[in-house]
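**Student:** Structure below; questions to follow.
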Amino acid sequence: MEKKKALAFSLLIFLWVLVDSNGEEDFDVREHLSTVTRYGVVKDVAGNSFVPSSVAEECTPIHLNLVARHGTRAPTKKRMKDLERLATHLEVLLREAEEQNLSLQEVPAWLRGWQSPWKGKVKGGELISEGEVELYDLAVRTREKFPDLFNESYHPDIYTIKASQIPRASASAVAYGLGLFSGTGSLGPGRHRAFSVVSESRASDILLRFHDCCQNYKDFRKSQEPFVDKLREPILDEITSALIGRYKLNFTKQDTSTLWFLCKQEASLLDITDQACGLFSPSEVAMLEWTDDLEVFILKGYGKSINYRMGVPLLEDVLQSMEQAIQAKEENHAPGSYEKARLRFAHAETVIPFSCLLGLFLEESEFQQIQREQPLQLPPKPPQKRNWRGSVVAPFAGNNMLVLYSCPAFTFSKYFVQVLHNEHPIPLAGCQGSDICSFEMFKERIVAPHLKHGYNELCAVKLDKEESNSATSKFSKLVRWFLSIFSVERDDRRWSHKDEF
């Protein structure tokens, strides 16, 4: 059975190489790093066949919602330790090969004596300078694209800026604000100005960290991780075998996994593509990228409805801001007396579910499936094409903007919503494949079907009815409450070890 699997995988790789051989010279590994991809590399990747609607050209923008991921960040403390363990194991592999008098001619020179670029660092996960630039430049482009929205003097009630309590998200909000309000203040030569960034406690933030407050989701994710590992395993087996044959070093599957992680970090953070990434062929990179995309799909995306339904409080907040903007317009509120933009900065675990709630990257039939809470098929293997790519769905600084337009000349609707993904109009399956639809259709077809379940109903662990009626239940509730006090403390202590996006 294992031989048949190996043969099938080898045949798949052969076909992929055959199909893609003409394009290998143009292959840029930096475009294939799933959610570790830098924003500037992929922000202009869009379907050439999609023609945006011209409706927005005839209307006036009156409000903007932004949901953005933090910019490029350093690896977490946990992953930095993985890289240090890799360095130790590479030394062992090279020494064993020399003791066995194996030819090491094919071993890349950089592997000898390699040390992690992050060796000695005791903290990780912070926004790096490249990430700051991503958010700063995004803000400058947004202000240039929508000058009518950002022509007011700053006030926190006009330009609301929210971030999760995680430092890389709040730092991203600050970088964005510096770009958005540059030249409008009196601080320093850049005429910067102070502005407010609001954060909820991460223990109760159901707008931007709903994944961390939803116990049912945590249970689901934990139950699915072995399944994801099983999907990844045959890919790692075959690529590990190929690396052993290629470089004559006795790599393990864990080595291959960590070398792929190193490749992503080097290419994205350091612009190094000829070391760890150079160990893999383009077809192997494509397969490794696919396994990462599978994980994102199953654990954060369309793989299960709870992944995105738990983001309903954020969707409701977006809808509320639009309704308030429409009310202000209808009642002719004075300029400077109402909100014009609501700007949020969080994580891949926020942006991905929110994209799913909007029905992005779906065909019409798939959109109908998620409305019925039915799971979708997994993204197909390379070389087949797929809509779901982590590098496009949620790269560093990946974002969704929802722009509300006033269109007084139109008879069938006066307000329209346009969705921009990574700054580009994107087709909405719920709006008949257009990037823009009437506010009424947006509310009815995209938002309303998700409001069947409240967040507490979806996320709270349901107790057995019999137990809940017994005295034992009351005691167990008391014990759980008592233990929860300490579990919060444990969660805080473990926080730096979580490998979040």
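Following the order of the structure tokens, chains are lettered A, B, ..., residues in each are numbered from 1, and ligands are numbered from 1.
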Quick one: everything within 8 Å of Trp388 (chain A), counting only C-alpha atoms, minus sequence neighbours fewer than 5 positions away in the same chain. Send it as a ChimeraX atom specification.
**Tutor:** /A:293,297,361,379,393
**Student:** Output N, CA, C and O atoms of each residue in that selection to a file, as an mmCIF file, in the first residue's frame.
**Tutor:**
data_model
loop_
_atom_site.group_PDB
_atom_site.id
_atom_site.type_symbol
_atom_site.label_atom_id
_atom_site.label_comp_id
_atom_site.auth_asym_id
_atom_site.auth_seq_id
_atom_site.Cartn_x
_atom_site.Cartn_y
_atom_site.Cartn_z
ATOM 1 N N ASP A 293 -1.844 25.695 2.788
ATOM 2 C CA ASP A 293 -3.155 26.231 2.419
ATOM 3 C C ASP A 293 -4.284 25.328 2.904
ATOM 4 O O ASP A 293 -5.361 25.806 3.276
ATOM 5 N N PHE A 297 -7.337 26.402 5.298
ATOM 6 C CA PHE A 297 -8.704 26.159 4.839
ATOM 7 C C PHE A 297 -9.497 25.381 5.894
ATOM 8 O O PHE A 297 -10.631 25.734 6.225
ATOM 9 N N PHE A 361 -13.637 34.327 -2.737
ATOM 10 C CA PHE A 361 -12.932 33.174 -3.323
ATOM 11 C C PHE A 361 -13.871 31.980 -3.537
ATOM 12 O O PHE A 361 -13.454 30.837 -3.465
ATOM 13 N N PRO A 379 -9.237 22.348 -1.207
ATOM 14 C CA PRO A 379 -8.563 22.906 -2.382
ATOM 15 C C PRO A 379 -7.793 21.822 -3.128
ATOM 16 O O PRO A 379 -7.094 21.017 -2.496
ATOM 17 N N VAL A 393 -5.180 35.106 0.208
ATOM 18 C CA VAL A 393 -6.265 35.266 1.178
ATOM 19 C C VAL A 393 -5.811 36.106 2.368
ATOM 20 O O VAL A 393 -6.520 37.018 2.804
#
**Student:** With 9 Å as the cut-off and only C-alpha atoms counted, what is the closest atom pair between each nearby residue of region 111-144 of chain A and region 397-400 of chain A? Distances in Å to one decimal, ordered by chain and number, as a tab-separated table.
**Tutor:**
residue	atom	partner	partner_atom	distance
A:Gly131	CA	A:Ala397	CA	7.5
A:Glu134	CA	A:Ala397	CA	6.6
A:Leu135	CA	A:Ala397	CA	6.6
A:Leu138	CA	A:Ala397	CA	8.6
**Student:** Running DSSP on the backbone, which parts of region 208-429 of chain A land in helix (DSSP H, G or I), as a ChimeraX atom specification?
**Tutor:** /A:210-213,215-247,253-270,277-279,282-300,305-309,312-330,348-358,364-371,390-393,429
**Student:** Could you find all residues in region 108-186 of chain A that DSSP calls strand (DSSP E) from the backbone, and write them as JSON, numbers by chain?
**Tutor:** {"A": [159, 160, 161, 162, 163]}
**Student:** What lies within 12 Å of region 27-33 of chain A using only C-alpha atoms, ignoring chain neighbours under 2 positions off, as a PDB file with N, CA, C and O atoms, in the first residue's frame?
**Tutor:**
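And here is the file that came out, result_5.pdb:
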ATOM      1  N   ASP A  20       5.027  22.250 -15.701  1.00  0.00           N
ATOM      2  CA  ASP A  20       5.533  23.548 -15.236  1.00  0.00           C
ATOM      3  C   ASP A  20       6.978  23.826 -15.630  1.00  0.00           C
ATOM      4  O   ASP A  20       7.520  24.861 -15.312  1.00  0.00           O
ATOM      5  N   SER A  21       7.599  22.914 -16.354  1.00  0.00           N
ATOM      6  CA  SER A  21       9.033  23.057 -16.620  1.00  0.00           C
ATOM      7  C   SER A  21       9.347  24.330 -17.386  1.00  0.00           C
ATOM      8  O   SER A  21      10.393  24.945 -17.182  1.00  0.00           O
ATOM      9  N   ASN A  22       8.439  24.751 -18.263  1.00  0.00           N
ATOM     10  CA  ASN A  22       8.697  25.953 -19.040  1.00  0.00           C
ATOM     11  C   ASN A  22       8.635  27.216 -18.191  1.00  0.00           C
ATOM     12  O   ASN A  22       9.154  28.256 -18.569  1.00  0.00           O
ATOM     13  N   GLY A  23       7.961  27.106 -17.021  1.00  0.00           N
ATOM     14  CA  GLY A  23       7.800  28.308 -16.207  1.00  0.00           C
ATOM     15  C   GLY A  23       8.745  28.386 -15.034  1.00  0.00           C
ATOM     16  O   GLY A  23       8.672  29.317 -14.248  1.00  0.00           O
ATOM     17  N   GLU A  24       9.649  27.405 -14.872  1.00  0.00           N
ATOM     18  CA  GLU A  24      10.506  27.389 -13.686  1.00  0.00           C
ATOM     19  C   GLU A  24      11.444  28.586 -13.645  1.00  0.00           C
ATOM     20  O   GLU A  24      11.810  29.052 -12.572  1.00  0.00           O
ATOM     21  N   GLU A  25      11.841  29.082 -14.811  1.00  0.00           N
ATOM     22  CA  GLU A  25      12.752  30.231 -14.817  1.00  0.00           C
ATOM     23  C   GLU A  25      12.071  31.458 -14.216  1.00  0.00           C
ATOM     24  O   GLU A  25      12.726  32.323 -13.662  1.00  0.00           O
ATOM     25  N   THR A  35       0.508  31.982   4.154  1.00  0.00           N
ATOM     26  CA  THR A  35       0.234  33.184   4.946  1.00  0.00           C
ATOM     27  C   THR A  35       1.488  33.875   5.473  1.00  0.00           C
ATOM     28  O   THR A  35       1.393  34.861   6.202  1.00  0.00           O
ATOM     29  N   VAL A  36       2.667  33.376   5.098  1.00  0.00           N
ATOM     30  CA  VAL A  36       3.918  34.033   5.493  1.00  0.00           C
ATOM     31  C   VAL A  36       4.409  34.946   4.366  1.00  0.00           C
ATOM     32  O   VAL A  36       5.492  35.507   4.412  1.00  0.00           O
ATOM     33  N   THR A  37       3.598  35.138   3.347  1.00  0.00           N
ATOM     34  CA  THR A  37       3.969  35.940   2.181  1.00  0.00           C
ATOM     35  C   THR A  37       3.928  37.428   2.508  1.00  0.00           C
ATOM     36  O   THR A  37       3.016  37.908   3.179  1.00  0.00           O
ATOM     37  N   ARG A  38       4.930  38.149   2.025  1.00  0.00           N
ATOM     38  CA  ARG A  38       4.967  39.605   2.178  1.00  0.00           C
ATOM     39  C   ARG A  38       3.884  40.252   1.317  1.00  0.00           C
ATOM     40  O   ARG A  38       3.613  39.832   0.204  1.00  0.00           O
ATOM     41  N   TYR A  39       3.305  41.325   1.827  1.00  0.00           N
ATOM     42  CA  TYR A  39       2.183  41.981   1.152  1.00  0.00           C
ATOM     43  C   TYR A  39       2.560  42.513  -0.233  1.00  0.00           C
ATOM     44  O   TYR A  39       1.820  42.333  -1.200  1.00  0.00           O
ATOM     45  N   GLY A  40       3.710  43.145  -0.328  1.00  0.00           N
ATOM     46  CA  GLY A  40       4.098  43.761  -1.596  1.00  0.00           C
ATOM     47  C   GLY A  40       4.290  42.772  -2.724  1.00  0.00           C
ATOM     48  O   GLY A  40       4.164  43.120  -3.899  1.00  0.00           O
ATOM     49  N   VAL A  41       4.567  41.517  -2.386  1.00  0.00           N
ATOM     50  CA  VAL A  41       4.806  40.496  -3.408  1.00  0.00           C
ATOM     51  C   VAL A  41       3.507  40.088  -4.094  1.00  0.00           C
ATOM     52  O   VAL A  41       3.493  39.778  -5.284  1.00  0.00           O
ATOM     53  N   VAL A  42       2.398  40.099  -3.350  1.00  0.00           N
ATOM     54  CA  VAL A  42       1.150  39.537  -3.891  1.00  0.00           C
ATOM     55  C   VAL A  42      -0.022  40.516  -3.941  1.00  0.00           C
ATOM     56  O   VAL A  42      -1.089  40.155  -4.429  1.00  0.00           O
ATOM     57  N   LYS A  43       0.141  41.727  -3.461  1.00  0.00           N
ATOM     58  CA  LYS A  43      -1.023  42.614  -3.360  1.00  0.00           C
ATOM     59  C   LYS A  43      -1.662  42.931  -4.702  1.00  0.00           C
ATOM     60  O   LYS A  43      -2.849  43.241  -4.777  1.00  0.00           O
ATOM     61  N   ASP A  44      -0.882  42.825  -5.784  1.00  0.00           N
ATOM     62  CA  ASP A  44      -1.433  43.118  -7.103  1.00  0.00           C
ATOM     63  C   ASP A  44      -1.786  41.862  -7.894  1.00  0.00           C
ATOM     64  O   ASP A  44      -2.041  41.927  -9.098  1.00  0.00           O
ATOM     65  N   VAL A  45      -1.785  40.708  -7.208  1.00  0.00           N
ATOM     66  CA  VAL A  45      -2.201  39.469  -7.858  1.00  0.00           C
ATOM     67  C   VAL A  45      -3.721  39.453  -7.907  1.00  0.00           C
ATOM     68  O   VAL A  45      -4.394  39.447  -6.884  1.00  0.00           O
ATOM     69  N   TRP A 260      11.308  23.893   5.593  1.00  0.00           N
ATOM     70  CA  TRP A 260      10.286  24.639   4.855  1.00  0.00           C
ATOM     71  C   TRP A 260       9.908  25.907   5.627  1.00  0.00           C
ATOM     72  O   TRP A 260       9.761  26.984   5.034  1.00  0.00           O
ATOM     73  N   PHE A 261       9.789  25.784   6.947  1.00  0.00           N
ATOM     74  CA  PHE A 261       9.517  26.969   7.756  1.00  0.00           C
ATOM     75  C   PHE A 261      10.659  27.978   7.622  1.00  0.00           C
ATOM     76  O   PHE A 261      10.426  29.177   7.466  1.00  0.00           O
ATOM     77  N   LEU A 262      11.905  27.480   7.642  1.00  0.00           N
ATOM     78  CA  LEU A 262      13.060  28.360   7.483  1.00  0.00           C
ATOM     79  C   LEU A 262      13.036  29.042   6.125  1.00  0.00           C
ATOM     80  O   LEU A 262      13.325  30.242   6.007  1.00  0.00           O
ATOM     81  N   CYS A 263      12.695  28.289   5.098  1.00  0.00           N
ATOM     82  CA  CYS A 263      12.578  28.862   3.753  1.00  0.00           C
ATOM     83  C   CYS A 263      11.619  30.046   3.762  1.00  0.00           C
ATOM     84  O   CYS A 263      11.928  31.118   3.224  1.00  0.00           O
ATOM     85  N   LYS A 264      10.452  29.861   4.375  1.00  0.00           N
ATOM     86  CA  LYS A 264       9.450  30.930   4.397  1.00  0.00           C
ATOM     87  C   LYS A 264       9.952  32.155   5.151  1.00  0.00           C
ATOM     88  O   LYS A 264       9.725  33.299   4.723  1.00  0.00           O
ATOM     89  N   GLN A 265      10.628  31.920   6.259  1.00  0.00           N
ATOM     90  CA  GLN A 265      11.140  33.044   7.053  1.00  0.00           C
ATOM     91  C   GLN A 265      12.253  33.776   6.318  1.00  0.00           C
ATOM     92  O   GLN A 265      12.295  35.008   6.288  1.00  0.00           O
ATOM     93  N   GLU A 266      13.183  33.017   5.730  1.00  0.00           N
ATOM     94  CA  GLU A 266      14.292  33.649   5.006  1.00  0.00           C
ATOM     95  C   GLU A 266      13.769  34.450   3.814  1.00  0.00           C
ATOM     96  O   GLU A 266      14.196  35.597   3.592  1.00  0.00           O
ATOM     97  N   ALA A 267      12.869  33.855   3.035  1.00  0.00           N
ATOM     98  CA  ALA A 267      12.390  34.518   1.820  1.00  0.00           C
ATOM     99  C   ALA A 267      11.542  35.737   2.152  1.00  0.00           C
ATOM    100  O   ALA A 267      11.658  36.784   1.502  1.00  0.00           O
ATOM    101  N   SER A 268      10.699  35.626   3.174  1.00  0.00           N
ATOM    102  CA  SER A 268       9.779  36.707   3.484  1.00  0.00           C
ATOM    103  C   SER A 268      10.425  37.822   4.288  1.00  0.00           C
ATOM    104  O   SER A 268      10.271  38.996   3.967  1.00  0.00           O
ATOM    105  N   LEU A 269      11.190  37.454   5.310  1.00  0.00           N
ATOM    106  CA  LEU A 269      11.740  38.466   6.211  1.00  0.00           C
ATOM    107  C   LEU A 269      13.109  38.973   5.792  1.00  0.00           C
ATOM    108  O   LEU A 269      13.452  40.136   6.052  1.00  0.00           O
ATOM    109  N   LEU A 270      13.905  38.093   5.138  1.00  0.00           N
ATOM    110  CA  LEU A 270      15.299  38.451   4.848  1.00  0.00           C
ATOM    111  C   LEU A 270      15.607  38.550   3.354  1.00  0.00           C
ATOM    112  O   LEU A 270      16.733  38.861   2.979  1.00  0.00           O
ATOM    113  N   ASP A 271      14.618  38.248   2.503  1.00  0.00           N
ATOM    114  CA  ASP A 271      14.813  38.238   1.046  1.00  0.00           C
ATOM    115  C   ASP A 271      15.920  37.282   0.619  1.00  0.00           C
ATOM    116  O   ASP A 271      16.635  37.533  -0.359  1.00  0.00           O
ATOM    117  N   ILE A 272      16.071  36.183   1.339  1.00  0.00           N
ATOM    118  CA  ILE A 272      17.032  35.134   0.976  1.00  0.00           C
ATOM    119  C   ILE A 272      16.255  33.977   0.369  1.00  0.00           C
ATOM    120  O   ILE A 272      15.437  33.346   1.038  1.00  0.00           O
ATOM    121  N   THR A 273      16.504  33.692  -0.897  1.00  0.00           N
ATOM    122  CA  THR A 273      15.743  32.636  -1.585  1.00  0.00           C
ATOM    123  C   THR A 273      16.620  31.492  -2.074  1.00  0.00           C
ATOM    124  O   THR A 273      16.114  30.536  -2.656  1.00  0.00           O
ATOM    125  N   ASP A 274      17.937  31.581  -1.850  1.00  0.00           N
ATOM    126  CA  ASP A 274      18.842  30.566  -2.408  1.00  0.00           C
ATOM    127  C   ASP A 274      19.463  29.665  -1.337  1.00  0.00           C
ATOM    128  O   ASP A 274      20.410  28.936  -1.608  1.00  0.00           O
ATOM    129  N   GLN A 275      18.929  29.702  -0.111  1.00  0.00           N
ATOM    130  CA  GLN A 275      19.436  28.810   0.936  1.00  0.00           C
ATOM    131  C   GLN A 275      18.409  27.714   1.223  1.00  0.00           C
ATOM    132  O   GLN A 275      18.337  26.721   0.489  1.00  0.00           O
ATOM    133  N   ALA A 276      17.612  27.864   2.262  1.00  0.00           N
ATOM    134  CA  ALA A 276      16.632  26.822   2.574  1.00  0.00           C
ATOM    135  C   ALA A 276      15.655  26.615   1.425  1.00  0.00           C
ATOM    136  O   ALA A 276      15.315  25.473   1.083  1.00  0.00           O
ATOM    137  N   CYS A 277      15.219  27.697   0.801  1.00  0.00           N
ATOM    138  CA  CYS A 277      14.286  27.556  -0.326  1.00  0.00           C
ATOM    139  C   CYS A 277      14.954  26.838  -1.501  1.00  0.00           C
ATOM    140  O   CYS A 277      14.280  26.121  -2.262  1.00  0.00           O
ATOM    141  N   GLY A 278      16.265  27.030  -1.640  1.00  0.00           N
ATOM    142  CA  GLY A 278      16.994  26.397  -2.732  1.00  0.00           C
ATOM    143  C   GLY A 278      17.097  24.889  -2.597  1.00  0.00           C
ATOM    144  O   GLY A 278      17.442  24.196  -3.563  1.00  0.00           O
ATOM    145  N   LEU A 279      16.811  24.354  -1.415  1.00  0.00           N
ATOM    146  CA  LEU A 279      16.841  22.905  -1.226  1.00  0.00           C
ATOM    147  C   LEU A 279      15.681  22.216  -1.942  1.00  0.00           C
ATOM    148  O   LEU A 279      15.759  21.043  -2.280  1.00  0.00           O
ATOM    149  N   PHE A 280      14.588  22.966  -2.171  1.00  0.00           N
ATOM    150  CA  PHE A 280      13.374  22.394  -2.743  1.00  0.00           C
ATOM    151  C   PHE A 280      13.221  22.797  -4.204  1.00  0.00           C
ATOM    152  O   PHE A 280      13.551  23.920  -4.589  1.00  0.00           O
ATOM    153  N   SER A 281      12.694  21.888  -4.996  1.00  0.00           N
ATOM    154  CA  SER A 281      12.365  22.211  -6.386  1.00  0.00           C
ATOM    155  C   SER A 281      11.070  23.018  -6.396  1.00  0.00           C
ATOM    156  O   SER A 281      10.294  22.992  -5.427  1.00  0.00           O
ATOM    157  N   PRO A 282      10.781  23.737  -7.488  1.00  0.00           N
ATOM    158  CA  PRO A 282       9.513  24.477  -7.571  1.00  0.00           C
ATOM    159  C   PRO A 282       8.297  23.593  -7.345  1.00  0.00           C
ATOM    160  O   PRO A 282       7.333  24.014  -6.698  1.00  0.00           O
ATOM    161  N   SER A 283       8.325  22.372  -7.870  1.00  0.00           N
ATOM    162  CA  SER A 283       7.174  21.485  -7.681  1.00  0.00           C
ATOM    163  C   SER A 283       7.025  21.088  -6.220  1.00  0.00           C
ATOM    164  O   SER A 283       5.900  20.951  -5.711  1.00  0.00           O
ATOM    165  N   GLU A 284       8.138  20.914  -5.503  1.00  0.00           N
ATOM    166  CA  GLU A 284       8.070  20.590  -4.077  1.00  0.00           C
ATOM    167  C   GLU A 284       7.565  21.783  -3.275  1.00  0.00           C
ATOM    168  O   GLU A 284       6.776  21.625  -2.334  1.00  0.00           O
ATOM    169  N   VAL A 285       7.998  22.983  -3.643  1.00  0.00           N
ATOM    170  CA  VAL A 285       7.493  24.193  -2.998  1.00  0.00           C
ATOM    171  C   VAL A 285       5.974  24.276  -3.174  1.00  0.00           C
ATOM    172  O   VAL A 285       5.233  24.589  -2.233  1.00  0.00           O
ATOM    173  N   ALA A 286       5.510  23.976  -4.390  1.00  0.00           N
ATOM    174  CA  ALA A 286       4.072  24.042  -4.669  1.00  0.00           C
ATOM    175  C   ALA A 286       3.297  23.070  -3.783  1.00  0.00           C
ATOM    176  O   ALA A 286       2.208  23.395  -3.288  1.00  0.00           O
ATOM    177  N   MET A 287       3.846  21.883  -3.580  1.00  0.00           N
ATOM    178  CA  MET A 287       3.171  20.903  -2.743  1.00  0.00           C
ATOM    179  C   MET A 287       3.192  21.322  -1.266  1.00  0.00           C
ATOM    180  O   MET A 287       2.198  21.170  -0.547  1.00  0.00           O
ATOM    181  N   LEU A 288       4.307  21.852  -0.801  1.00  0.00           N
ATOM    182  CA  LEU A 288       4.395  22.316   0.580  1.00  0.00           C
ATOM    183  C   LEU A 288       3.463  23.506   0.818  1.00  0.00           C
ATOM    184  O   LEU A 288       2.810  23.597   1.863  1.00  0.00           O
ATOM    185  N   GLU A 289       3.410  24.402  -0.158  1.00  0.00           N
ATOM    186  CA  GLU A 289       2.483  25.529  -0.063  1.00  0.00           C
ATOM    187  C   GLU A 289       1.044  25.018   0.024  1.00  0.00           C
ATOM    188  O   GLU A 289       0.233  25.526   0.815  1.00  0.00           O
ATOM    189  N   TRP A 290       0.725  24.009  -0.778  1.00  0.00           N
ATOM    190  CA  TRP A 290      -0.631  23.440  -0.771  1.00  0.00           C
ATOM    191  C   TRP A 290      -0.975  22.872   0.602  1.00  0.00           C
ATOM    192  O   TRP A 290      -2.091  23.049   1.094  1.00  0.00           O
ATOM    193  N   THR A 291      -0.035  22.189   1.256  1.00  0.00           N
ATOM    194  CA  THR A 291      -0.323  21.644   2.583  1.00  0.00           C
ATOM    195  C   THR A 291      -0.584  22.767   3.587  1.00  0.00           C
ATOM    196  O   THR A 291      -1.454  22.636   4.458  1.00  0.00           O
ATOM    197  N   ASP A 292       0.149  23.865   3.473  1.00  0.00           N
ATOM    198  CA  ASP A 292      -0.113  25.013   4.343  1.00  0.00           C
ATOM    199  C   ASP A 292      -1.500  25.588   4.069  1.00  0.00           C
ATOM    200  O   ASP A 292      -2.243  25.945   4.996  1.00  0.00           O
ATOM    201  N   ASP A 293      -1.844  25.695   2.788  1.00  0.00           N
ATOM    202  CA  ASP A 293      -3.155  26.231   2.419  1.00  0.00           C
ATOM    203  C   ASP A 293      -4.284  25.328   2.904  1.00  0.00           C
ATOM    204  O   ASP A 293      -5.361  25.806   3.276  1.00  0.00           O
ATOM    205  N   ARG A 389      -5.726  30.376  -1.917  1.00  0.00           N
ATOM    206  CA  ARG A 389      -4.278  30.440  -1.722  1.00  0.00           C
ATOM    207  C   ARG A 389      -4.006  31.350  -0.533  1.00  0.00           C
ATOM    208  O   ARG A 389      -4.380  32.526  -0.526  1.00  0.00           O
ATOM    209  N   GLY A 390      -3.336  30.791   0.479  1.00  0.00           N
ATOM    210  CA  GLY A 390      -3.062  31.573   1.674  1.00  0.00           C
ATOM    211  C   GLY A 390      -2.295  32.848   1.384  1.00  0.00           C
ATOM    212  O   GLY A 390      -2.482  33.865   2.053  1.00  0.00           O
ATOM    213  N   SER A 391      -1.441  32.815   0.360  1.00  0.00           N
ATOM    214  CA  SER A 391      -0.633  33.982   0.013  1.00  0.00           C
ATOM    215  C   SER A 391      -1.488  35.146  -0.480  1.00  0.00           C
ATOM    216  O   SER A 391      -1.073  36.304  -0.393  1.00  0.00           O
ATOM    217  N   VAL A 392      -2.678  34.846  -0.992  1.00  0.00           N
ATOM    218  CA  VAL A 392      -3.595  35.885  -1.473  1.00  0.00           C
ATOM    219  C   VAL A 392      -4.677  36.169  -0.443  1.00  0.00           C
ATOM    220  O   VAL A 392      -5.053  37.317  -0.220  1.00  0.00           O
ATOM    221  N   VAL A 393      -5.180  35.106   0.208  1.00  0.00           N
ATOM    222  CA  VAL A 393      -6.265  35.266   1.178  1.00  0.00           C
ATOM    223  C   VAL A 393      -5.811  36.106   2.368  1.00  0.00           C
ATOM    224  O   VAL A 393      -6.520  37.018   2.804  1.00  0.00           O
ATOM    225  N   ALA A 394      -4.627  35.815   2.906  1.00  0.00           N
ATOM    226  CA  ALA A 394      -4.179  36.532   4.114  1.00  0.00           C
ATOM    227  C   ALA A 394      -2.671  36.612   4.197  1.00  0.00           C
ATOM    228  O   ALA A 394      -2.053  36.033   5.096  1.00  0.00           O
ATOM    229  N   PRO A 395      -2.031  37.342   3.275  1.00  0.00           N
ATOM    230  CA  PRO A 395      -0.590  37.593   3.456  1.00  0.00           C
ATOM    231  C   PRO A 395      -0.391  38.546   4.626  1.00  0.00           C
ATOM    232  O   PRO A 395      -1.371  39.053   5.192  1.00  0.00           O
ATOM    233  N   PHE A 396       0.834  38.793   4.994  1.00  0.00           N
ATOM    234  CA  PHE A 396       1.088  39.842   5.981  1.00  0.00           C
ATOM    235  C   PHE A 396       0.470  41.140   5.464  1.00  0.00           C
ATOM    236  O   PHE A 396       0.633  41.498   4.293  1.00  0.00           O
TER     237      PHE A 396
END
**Student:** So, counting only C-alpha atoms, which residue among A:Lys385, A:Arg372, A:His347, A:His421 is closest to Arg168 (chain A)?
**Tutor:** A:His347
**Student:** Which is closer to Ile426 (chain A) than all the others in A:Gly359, A:Arg232, A:Asn332, A:Thr160, using only C-alpha atoms?
**Tutor:**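 Looking only at the distances to Ile426 (chain A), the closest residue turns out to be A:Gly359.
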**Student:** For a test of reading the model, state the distance in Å between CA of Glu84 (chain A) and CA of Asn250 (chain A), rounded to one decimal.
**Tutor:** 18.2 Å
**Student:** With only C-alpha atoms as the atoms that count, which of A:Asp137, A:Glu238, A:Asp317, A:Asp229 lies nearest to Ser182 (chain A)?
**Tutor:**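 Among the listed residues, the smallest separation from Ser182 (chain A) belongs to A:Asp137.
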**Student:** Fewer than 3 positions away in the same chain doesn't count, so skip those; otherwise give me all residues within 6 Å of Lys77 (chain A), counting only C-alpha atoms, as number ranges by chain.
**Tutor:** A: 80, 123-124
**Student:** When you draw a straight line from CA of Tyr415 (chain A) to CA of Leu315 (chain A), how long is it in Å?
**Tutor:**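 Calculated distance between CA of Tyr415 (chain A) and CA of Leu315 (chain A) is 18.1 Å.
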**Student:** Please compute the CA of His453 (chain A)-CA of Leu378 (chain A) distance, one decimal, in Å.
**Tutor:**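 Between these atoms lies a distance of 25.0 Å.
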**Student:** How close does each residue of region 229-308 of chain A get to region 98-121 of chain A, giving the shortest atom pair and distance in Å to one decimal for every residue with an atom at most 8 Å away, counting only C-alpha atoms, sorted by chain and residue number, as JSON lines?
**Tutor:**
{"residue": "A:Arg246", "atom": "CA", "partner": "A:Glu106", "partner_atom": "CA", "distance": 7.2}
{"residue": "A:Tyr247", "atom": "CA", "partner": "A:Val107", "partner_atom": "CA", "distance": 5.3}
{"residue": "A:Lys248", "atom": "CA", "partner": "A:Leu104", "partner_atom": "CA", "distance": 6.9}
{"residue": "A:Gln275", "atom": "CA", "partner": "A:Trp110", "partner_atom": "CA", "distance": 6.9}
**Student:** Restrict the selected residues to C-alpha atoms and save them as a PDB file, in the first residue's frame.
**Tutor:**
ATOM      1  CA  ARG A 246      19.585  14.635  -3.451  1.00  0.00           C
ATOM      2  CA  TYR A 247      21.929  15.663  -0.639  1.00  0.00           C
ATOM      3  CA  LYS A 248      22.915  12.290   0.931  1.00  0.00           C
ATOM      4  CA  GLN A 275      19.436  28.810   0.936  1.00  0.00           C
TER       5      GLN A 275
END
**Student:** Of the residues A:Met401, A:Gly433, A:Ala409, A:Phe251, which is the one nearest to Glu96 (chain A), using only C-alpha atoms?
**Tutor:** A:Phe251
